[in-house]
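Engineer: Handing over model.tsv, TSV, C-alpha atoms and all ligand atoms.
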```tsv
chain	number	residue	atom	x	y	z
A	23	MET	CA	26.19	-18.24	-20.09
A	24	THR	CA	27.11	-20.12	-23.27
A	25	PRO	CA	25.76	-18.85	-26.62
A	26	THR	CA	23.61	-22.00	-26.85
A	27	THR	CA	21.78	-21.25	-23.59
A	28	THR	CA	21.27	-17.63	-24.58
A	29	HIS	CA	19.81	-18.85	-27.81
A	30	ALA	CA	17.55	-21.38	-26.08
A	31	HIS	CA	16.52	-18.71	-23.61
A	32	THR	CA	15.69	-16.29	-26.41
A	33	ASN	CA	13.72	-18.97	-28.24
A	34	GLY	CA	11.83	-19.80	-25.07
A	35	ARG	CA	11.01	-16.14	-24.54
A	36	VAL	CA	9.88	-15.72	-28.15
A	37	PHE	CA	7.72	-18.81	-27.85
A	38	LEU	CA	6.21	-17.59	-24.58
A	39	ASP	CA	5.47	-14.17	-26.05
A	40	ALA	CA	3.84	-15.77	-29.10
A	41	ALA	CA	1.74	-18.07	-26.89
A	42	LEU	CA	0.64	-15.17	-24.70
A	43	GLU	CA	-0.18	-13.15	-27.77
A	44	LEU	CA	-2.54	-15.93	-28.92
A	45	VAL	CA	-4.37	-16.28	-25.61
A	46	TRP	CA	-4.27	-12.65	-24.67
A	47	PRO	CA	-3.57	-10.42	-27.66
A	48	THR	CA	-1.93	-7.08	-27.01
A	49	ARG	CA	-4.39	-4.22	-27.10
A	50	CYS	CA	-3.89	-0.51	-26.69
A	51	SER	CA	-4.42	0.36	-23.02
A	52	GLY	CA	-6.16	3.56	-24.09
A	53	CYS	CA	-8.53	2.49	-26.87
A	54	GLU	CA	-8.22	-1.31	-27.20
A	55	ARG	CA	-6.89	-1.12	-30.76
A	56	PRO	CA	-5.05	-4.43	-31.27
A	57	GLY	CA	-1.30	-4.82	-31.67
A	58	VAL	CA	0.27	-2.20	-29.38
A	59	LEU	CA	0.36	-1.38	-25.67
A	60	LEU	CA	-0.32	2.29	-26.32
A	61	CYS	CA	-1.13	3.42	-29.86
A	62	GLU	CA	0.17	6.56	-31.53
A	63	GLU	CA	-3.23	8.20	-31.45
A	64	CYS	CA	-3.60	7.68	-27.70
A	65	ARG	CA	0.00	8.78	-27.12
A	66	SER	CA	-0.71	12.05	-28.88
A	67	SER	CA	-3.99	12.50	-26.96
A	68	LEU	CA	-2.26	12.30	-23.56
A	69	LYS	CA	-2.16	15.79	-22.05
A	70	ARG	CA	1.52	16.17	-21.29
A	71	ILE	CA	2.56	18.75	-18.71
A	72	ALA	CA	5.44	20.94	-19.86
A	73	GLY	CA	7.81	21.53	-16.94
A	74	ALA	CA	8.40	25.12	-18.02
A	75	HIS	CA	4.69	25.86	-17.61
A	76	ALA	CA	3.99	24.06	-14.34
A	77	CYS	CA	4.20	24.98	-10.67
A	78	PRO	CA	7.70	23.89	-9.61
A	79	ARG	CA	6.44	23.00	-6.17
A	80	CYS	CA	3.44	20.79	-6.87
A	81	GLY	CA	3.60	20.05	-10.60
A	82	ALA	CA	0.23	21.65	-11.35
A	83	PRO	CA	-0.02	22.67	-15.01
A	84	PHE	CA	-0.38	26.30	-16.15
A	85	GLY	CA	1.56	27.99	-13.38
A	86	ARG	CA	5.08	28.94	-14.29
A	87	LEU	CA	5.57	30.33	-10.78
A	88	VAL	CA	4.76	28.60	-7.51
A	89	CYS	CA	0.98	28.32	-7.60
A	90	THR	CA	-1.45	29.81	-5.10
A	91	GLU	CA	-2.36	26.33	-3.83
A	92	CYS	CA	1.19	25.86	-2.61
A	93	TYR	CA	1.03	28.69	-0.10
A	94	SER	CA	-1.70	29.23	2.43
A	95	SER	CA	-3.09	32.74	2.90
A	96	GLU	CA	-0.48	33.22	5.66
A	97	GLY	CA	2.25	32.37	3.17
A	98	ARG	CA	2.91	29.04	4.87
A	99	GLU	CA	4.27	26.31	2.64
A	100	GLN	CA	1.84	23.48	2.08
A	101	HIS	CA	4.07	20.62	1.08
A	102	GLN	CA	6.72	18.50	2.78
A	103	PHE	CA	8.54	17.91	-0.50
A	104	GLU	CA	10.61	20.63	-2.16
A	105	ALA	CA	9.73	20.20	-5.82
A	106	CYS	CA	7.50	18.17	-8.08
A	107	VAL	CA	7.11	17.31	-11.73
A	108	CYS	CA	4.26	15.33	-13.30
A	109	ALA	CA	4.39	13.83	-16.78
A	110	MET	CA	0.75	14.34	-17.76
A	111	GLU	CA	-2.64	15.49	-16.59
A	112	LEU	CA	-4.92	12.88	-15.07
A	113	ASP	CA	-7.93	12.48	-17.33
A	114	GLU	CA	-10.01	9.59	-18.58
A	115	LEU	CA	-7.32	8.36	-20.95
A	116	SER	CA	-4.29	8.57	-18.66
A	117	GLY	CA	-6.43	7.22	-15.80
A	118	ARG	CA	-7.38	4.19	-17.87
A	119	VAL	CA	-3.77	3.45	-18.78
A	120	ILE	CA	-2.65	3.70	-15.14
A	121	VAL	CA	-5.52	1.57	-13.82
A	122	LEU	CA	-4.92	-1.06	-16.48
A	123	TYR	CA	-1.29	-1.21	-15.45
A	124	LYS	CA	-2.08	-1.43	-11.73
A	125	ASP	CA	-5.09	-3.67	-11.65
A	126	SER	CA	-5.07	-5.79	-14.79
A	127	TYR	CA	-1.57	-7.19	-14.59
A	128	GLU	CA	-0.47	-5.43	-17.77
A	129	ARG	CA	3.06	-5.27	-16.42
A	130	ARG	CA	4.64	-4.35	-19.75
A	131	LEU	CA	3.17	-0.88	-19.30
A	132	SER	CA	5.76	-0.32	-16.59
A	133	SER	CA	8.42	0.60	-19.15
A	134	VAL	CA	5.99	2.80	-21.11
A	135	LEU	CA	5.16	4.77	-17.96
A	136	ALA	CA	8.83	4.89	-16.93
A	137	ASP	CA	9.58	6.55	-20.29
A	138	TYR	CA	6.96	9.23	-19.63
A	139	LEU	CA	8.40	9.86	-16.16
A	140	LEU	CA	11.90	10.09	-17.59
A	141	SER	CA	10.80	12.67	-20.14
A	142	ALA	CA	9.32	14.81	-17.34
A	143	LEU	CA	12.45	14.76	-15.16
A	144	PRO	CA	14.56	17.92	-15.44
A	145	ALA	CA	18.11	16.90	-16.42
A	146	PRO	CA	19.74	18.50	-13.32
A	147	TRP	CA	17.63	16.27	-11.06
A	148	LEU	CA	19.50	13.22	-12.30
A	149	GLY	CA	22.76	14.63	-10.96
A	150	TRP	CA	21.08	15.85	-7.80
A	151	ALA	CA	19.38	12.62	-6.68
A	152	ASP	CA	21.25	10.14	-4.46
A	153	VAL	CA	18.55	7.56	-4.82
A	154	LEU	CA	15.20	6.77	-6.42
A	155	THR	CA	12.41	5.46	-4.24
A	156	TRP	CA	8.65	5.05	-4.45
A	157	ILE	CA	5.38	5.00	-2.54
A	158	PRO	CA	5.02	1.28	-1.86
A	159	VAL	CA	1.71	-0.57	-1.92
A	160	ASP	CA	0.39	-1.84	1.38
A	161	ARG	CA	-0.03	-5.53	2.25
A	162	LYS	CA	-3.67	-5.62	1.18
A	163	ALA	CA	-3.01	-4.09	-2.24
A	164	LEU	CA	0.02	-6.31	-2.76
A	165	ARG	CA	-2.11	-9.39	-2.11
A	166	ARG	CA	-4.78	-8.14	-4.50
A	167	ARG	CA	-2.45	-7.06	-7.33
A	168	GLY	CA	0.38	-9.49	-6.88
A	169	PHE	CA	3.02	-6.85	-7.51
A	170	ASP	CA	4.21	-3.46	-6.32
A	171	HIS	CA	3.42	-1.40	-9.40
A	172	MET	CA	5.58	1.61	-8.55
A	173	GLU	CA	8.56	-0.54	-7.65
A	174	MET	CA	8.57	-1.95	-11.18
A	175	ILE	CA	8.41	1.50	-12.74
A	176	VAL	CA	11.23	2.72	-10.50
A	177	GLN	CA	13.40	-0.28	-11.43
A	178	ASP	CA	12.85	0.60	-15.08
A	179	LEU	CA	13.64	4.23	-14.38
A	180	ALA	CA	16.82	3.24	-12.52
A	181	GLU	CA	17.93	1.25	-15.56
A	182	ARG	CA	17.39	4.23	-17.83
A	183	THR	CA	19.03	6.83	-15.57
A	184	GLY	CA	21.81	4.87	-13.89
A	185	LEU	CA	20.41	6.01	-10.52
A	186	ARG	CA	20.08	3.54	-7.67
A	187	ALA	CA	16.58	2.34	-6.80
A	188	GLN	CA	16.03	1.58	-3.13
A	189	ARG	CA	12.99	0.76	-1.07
A	190	LEU	CA	12.95	3.27	1.78
A	191	LEU	CA	9.34	3.11	2.97
A	192	ASP	CA	6.81	0.54	4.12
A	193	LYS	CA	3.10	1.27	4.04
A	194	GLN	CA	0.42	-0.10	6.32
A	195	PRO	CA	-3.19	-0.08	5.19
A	196	THR	CA	-4.71	3.24	6.34
A	197	ARG	CA	-7.55	3.24	8.84
A	198	ASP	CA	-10.92	4.36	7.53
A	199	GLN	CA	-10.61	8.11	6.92
A	200	ARG	CA	-14.33	8.83	7.22
A	201	GLY	CA	-15.37	11.06	10.08
A	202	LEU	CA	-11.85	12.31	10.68
A	203	THR	CA	-10.85	15.96	10.65
A	204	ARG	CA	-8.28	17.17	8.17
A	205	SER	CA	-5.42	17.02	10.65
A	206	GLU	CA	-6.53	13.59	11.92
A	207	ARG	CA	-6.55	12.36	8.35
A	208	TYR	CA	-3.04	13.66	7.87
A	209	GLU	CA	-1.84	11.96	11.06
A	210	ASN	CA	-3.57	8.78	9.95
A	211	LEU	CA	-1.73	8.90	6.63
A	212	GLN	CA	1.57	9.67	8.27
A	213	GLU	CA	1.13	6.77	10.70
A	214	SER	CA	0.74	4.47	7.73
A	215	PHE	CA	4.35	5.07	6.62
A	216	ARG	CA	7.37	3.52	8.29
A	217	LEU	CA	11.00	3.66	7.25
A	218	HIS	CA	11.85	0.38	5.57
A	219	ASP	CA	15.23	-0.07	7.22
A	220	THR	CA	15.93	2.10	10.24
A	221	ALA	CA	19.47	0.76	10.71
A	222	HIS	CA	21.01	3.34	8.37
A	223	ALA	CA	20.62	7.07	7.86
A	224	LEU	CA	18.87	7.84	4.60
A	225	PRO	CA	20.55	9.48	1.62
A	226	GLN	CA	20.20	13.28	1.67
A	227	HIS	CA	18.61	13.83	-1.74
A	228	ILE	CA	15.68	11.58	-2.47
A	229	LEU	CA	13.67	11.40	-5.65
A	230	LEU	CA	10.27	9.99	-4.68
A	231	ILE	CA	8.09	8.46	-7.39
A	232	ASP	CA	4.34	7.83	-7.43
A	233	ASP	CA	1.61	7.25	-10.00
A	234	VAL	CA	-0.96	9.97	-9.36
A	235	LEU	CA	-0.73	13.20	-7.39
A	236	THR	CA	-4.11	14.46	-6.21
A	237	THR	CA	-3.83	16.62	-3.08
A	238	GLY	CA	-0.26	15.58	-2.37
A	239	ALA	CA	-1.23	14.39	1.15
A	240	THR	CA	0.23	10.91	0.66
A	241	LEU	CA	3.45	12.31	-0.76
A	242	ASP	CA	3.62	14.84	2.10
A	243	ALA	CA	3.26	12.10	4.69
A	244	ALA	CA	5.90	9.98	2.98
A	245	SER	CA	8.26	12.95	2.54
A	246	SER	CA	8.08	13.91	6.18
A	247	ARG	CA	8.90	10.32	7.22
A	248	LEU	CA	11.90	10.36	4.87
A	249	LYS	CA	13.08	13.60	6.48
A	250	GLU	CA	12.72	12.11	9.95
A	251	GLY	CA	15.05	9.41	8.67
A	252	GLY	CA	17.69	11.92	7.61
A	253	ALA	CA	16.71	13.08	4.11
A	254	VAL	CA	17.49	16.76	3.57
A	255	GLU	CA	15.47	17.34	0.42
A	256	VAL	CA	12.76	15.31	-1.26
A	257	ARG	CA	11.67	15.90	-4.84
A	258	VAL	CA	8.68	14.16	-6.33
A	259	ALA	CA	7.90	12.86	-9.81
A	260	CYS	CA	4.49	11.44	-10.68
A	261	VAL	CA	3.05	9.98	-13.84
A	262	ALA	CA	-0.15	12.01	-13.65
A	263	ARG	CA	-1.48	15.10	-11.91
A	264	ALA	CA	-5.14	15.38	-10.97
A	265	TRP	CA	-6.23	18.87	-11.90
B	301	ZN	ZN	-5.07	3.72	-28.43
B	302	ZN	ZN	1.75	24.50	-6.72
```
Mind turning the file's structure into structure tokens?
Ligand SMILES: [Zn+2]
Ligand SMILES: [Zn+2]
Structural biologist:
Amino acid sequence: MTPTTTHAHTNGRVFLDAALELVWPTRCSGCERPGVLLCEECRSSLKRIAGAHACPRCGAPFGRLVCTECYSSEGREQHQFEACVCAMELDELSGRVIVLYKDSYERRLSSVLADYLLSALPAPWLGWADVLTWIPVDRKALRRRGFDHMEMIVQDLAERTGLRAQRLLDKQPTRDQRGLTRSERYENLQESFRLHDTAHALPQHILLIDDVLTTGATLDAASSRLKEGGAVEVRVACVARAW
């Protein structure tokens, strides 16, 4: 690319940003204050989860050891993934930021959320992971939103970490879960995931990214599919943890 084109490209971009700013001014995704995507006040109100004080298995805050939720009364492990970190607690504020990103086409929030994920990742995980992947949206959600919101965050995260981002899963819309027993619901969820490309064995160490962890059922279903495809260990990182 010649310097002239770069310059023209930059000018075009600047012009486009200025035009967009006129029609659709930037507002804080937390409190609507004009001028920034996420203001300092909202940033400091987000309830960050400190890794040192969270359950290493499910990312729940306030449990330095594996929490009671992670083992059934018989001591059976509850999750299909080996470890989990979450950047913040899910509350009204973090929920609003995530929903705005997903449903209102505020795609610039992708890099803001990628930064939060990066700050939650333990440094050794970066050397451990062979690949970064994500819970993809299904066809219906893709049509509605026009983009795969976690894919964009993972691309941003790949840029920041030097790790490879790769789509490993496809998701079908899940059948209506009402009236199903717990195990039927789990099967239903698991059925909704397929390996994206079955021609190759998967990398052994997979870092799986999602937006919100609630019960972990979706991440369990996805993790067990990844293991069927050859993954040995799956670790999870989510933006927010419902608690
Ligand atoms: Zn704000
Ligand atoms: Zn736990």
Engineer: For a quick check of your reading of the model, name the residues lying within 12 Å of the coordinate (4.3, -2.2, -12.4), counting all atoms listed in the file, and write them as an mmCIF file with C-alpha atoms, keeping the file's coordinate frame.
Structural biologist:
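And here is the file that came out, selection-v8.cif:
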```cif
data_model
loop_
_atom_site.group_PDB
_atom_site.id
_atom_site.type_symbol
_atom_site.label_atom_id
_atom_site.label_comp_id
_atom_site.auth_asym_id
_atom_site.auth_seq_id
_atom_site.Cartn_x
_atom_site.Cartn_y
_atom_site.Cartn_z
ATOM 1 C CA VAL A 119 -3.770 3.450 -18.780
ATOM 2 C CA ILE A 120 -2.650 3.700 -15.140
ATOM 3 C CA VAL A 121 -5.520 1.570 -13.820
ATOM 4 C CA LEU A 122 -4.920 -1.060 -16.480
ATOM 5 C CA TYR A 123 -1.290 -1.210 -15.450
ATOM 6 C CA LYS A 124 -2.080 -1.430 -11.730
ATOM 7 C CA ASP A 125 -5.090 -3.670 -11.650
ATOM 8 C CA SER A 126 -5.070 -5.790 -14.790
ATOM 9 C CA TYR A 127 -1.570 -7.190 -14.590
ATOM 10 C CA GLU A 128 -0.470 -5.430 -17.770
ATOM 11 C CA ARG A 129 3.060 -5.270 -16.420
ATOM 12 C CA ARG A 130 4.640 -4.350 -19.750
ATOM 13 C CA LEU A 131 3.170 -0.880 -19.300
ATOM 14 C CA SER A 132 5.760 -0.320 -16.590
ATOM 15 C CA SER A 133 8.420 0.600 -19.150
ATOM 16 C CA VAL A 134 5.990 2.800 -21.110
ATOM 17 C CA LEU A 135 5.160 4.770 -17.960
ATOM 18 C CA ALA A 136 8.830 4.890 -16.930
ATOM 19 C CA TRP A 156 8.650 5.050 -4.450
ATOM 20 C CA PRO A 158 5.020 1.280 -1.860
ATOM 21 C CA VAL A 159 1.710 -0.570 -1.920
ATOM 22 C CA LEU A 164 0.020 -6.310 -2.760
ATOM 23 C CA ARG A 167 -2.450 -7.060 -7.330
ATOM 24 C CA GLY A 168 0.380 -9.490 -6.880
ATOM 25 C CA PHE A 169 3.020 -6.850 -7.510
ATOM 26 C CA ASP A 170 4.210 -3.460 -6.320
ATOM 27 C CA HIS A 171 3.420 -1.400 -9.400
ATOM 28 C CA MET A 172 5.580 1.610 -8.550
ATOM 29 C CA GLU A 173 8.560 -0.540 -7.650
ATOM 30 C CA MET A 174 8.570 -1.950 -11.180
ATOM 31 C CA ILE A 175 8.410 1.500 -12.740
ATOM 32 C CA VAL A 176 11.230 2.720 -10.500
ATOM 33 C CA GLN A 177 13.400 -0.280 -11.430
ATOM 34 C CA ASP A 178 12.850 0.600 -15.080
ATOM 35 C CA LEU A 179 13.640 4.230 -14.380
ATOM 36 C CA ASP A 232 4.340 7.830 -7.430
ATOM 37 C CA ASP A 233 1.610 7.250 -10.000
#
```
Engineer: Residues within 6 Å of ligand ZN 302 (chain B) (all atoms listed in the file), as a PDB file with C-alpha atoms, in the frame of the given file?
Structural biologist:
```
ATOM      1  CA  CYS A  77       4.200  24.980 -10.670  1.00  0.00           C
ATOM      2  CA  ARG A  79       6.440  23.000  -6.170  1.00  0.00           C
ATOM      3  CA  CYS A  80       3.440  20.790  -6.870  1.00  0.00           C
ATOM      4  CA  ALA A  82       0.230  21.650 -11.350  1.00  0.00           C
ATOM      5  CA  VAL A  88       4.760  28.600  -7.510  1.00  0.00           C
ATOM      6  CA  CYS A  89       0.980  28.320  -7.600  1.00  0.00           C
ATOM      7  CA  GLU A  91      -2.360  26.330  -3.830  1.00  0.00           C
ATOM      8  CA  CYS A  92       1.190  25.860  -2.610  1.00  0.00           C
TER       9      CYS A  92
END
```
Engineer: Any idea what's packed within 12 Å of Ala105 in chain A, counting only C-alpha atoms, ignoring anything in its chain fewer than 3 positions away? Could you give it as number ranges by chain?
Structural biologist: A: 73, 76-82, 88, 92, 99-102, 108, 143-144, 147, 227-231, 238, 241-242, 245, 255-260
Engineer: Please determine, counting only C-alpha atoms, which residue among A:Thr48, A:Asn33, A:Ser116, A:Thr240 has the shortest atom-to-atom distance to Ser67 in chain A.
Structural biologist: A:Ser116
Engineer: Might you pull out every residue within 6 Å of range 59-65 of chain A, with all atoms listed in the file counted and same-chain residues fewer than 5 positions away left off, and present them as a tab-separated table (two decimals) with C-alpha atoms, keeping the file's coordinate frame?
Structural biologist:
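Okay, this is what ended up in selection-v2.tsv:
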```tsv
chain	number	residue	atom	x	y	z
A	49	ARG	CA	-4.39	-4.22	-27.10
A	50	CYS	CA	-3.89	-0.51	-26.69
A	51	SER	CA	-4.42	0.36	-23.02
```
Engineer: Could you work out how far CA of Pro146 in chain A lies from CA of Asp192 in chain A, giving the answer in Å with one decimal?
Structural biologist: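 Interatomic distance, CA of Asp192 in chain A to CA of Pro146 in chain A: 28.2 Å.
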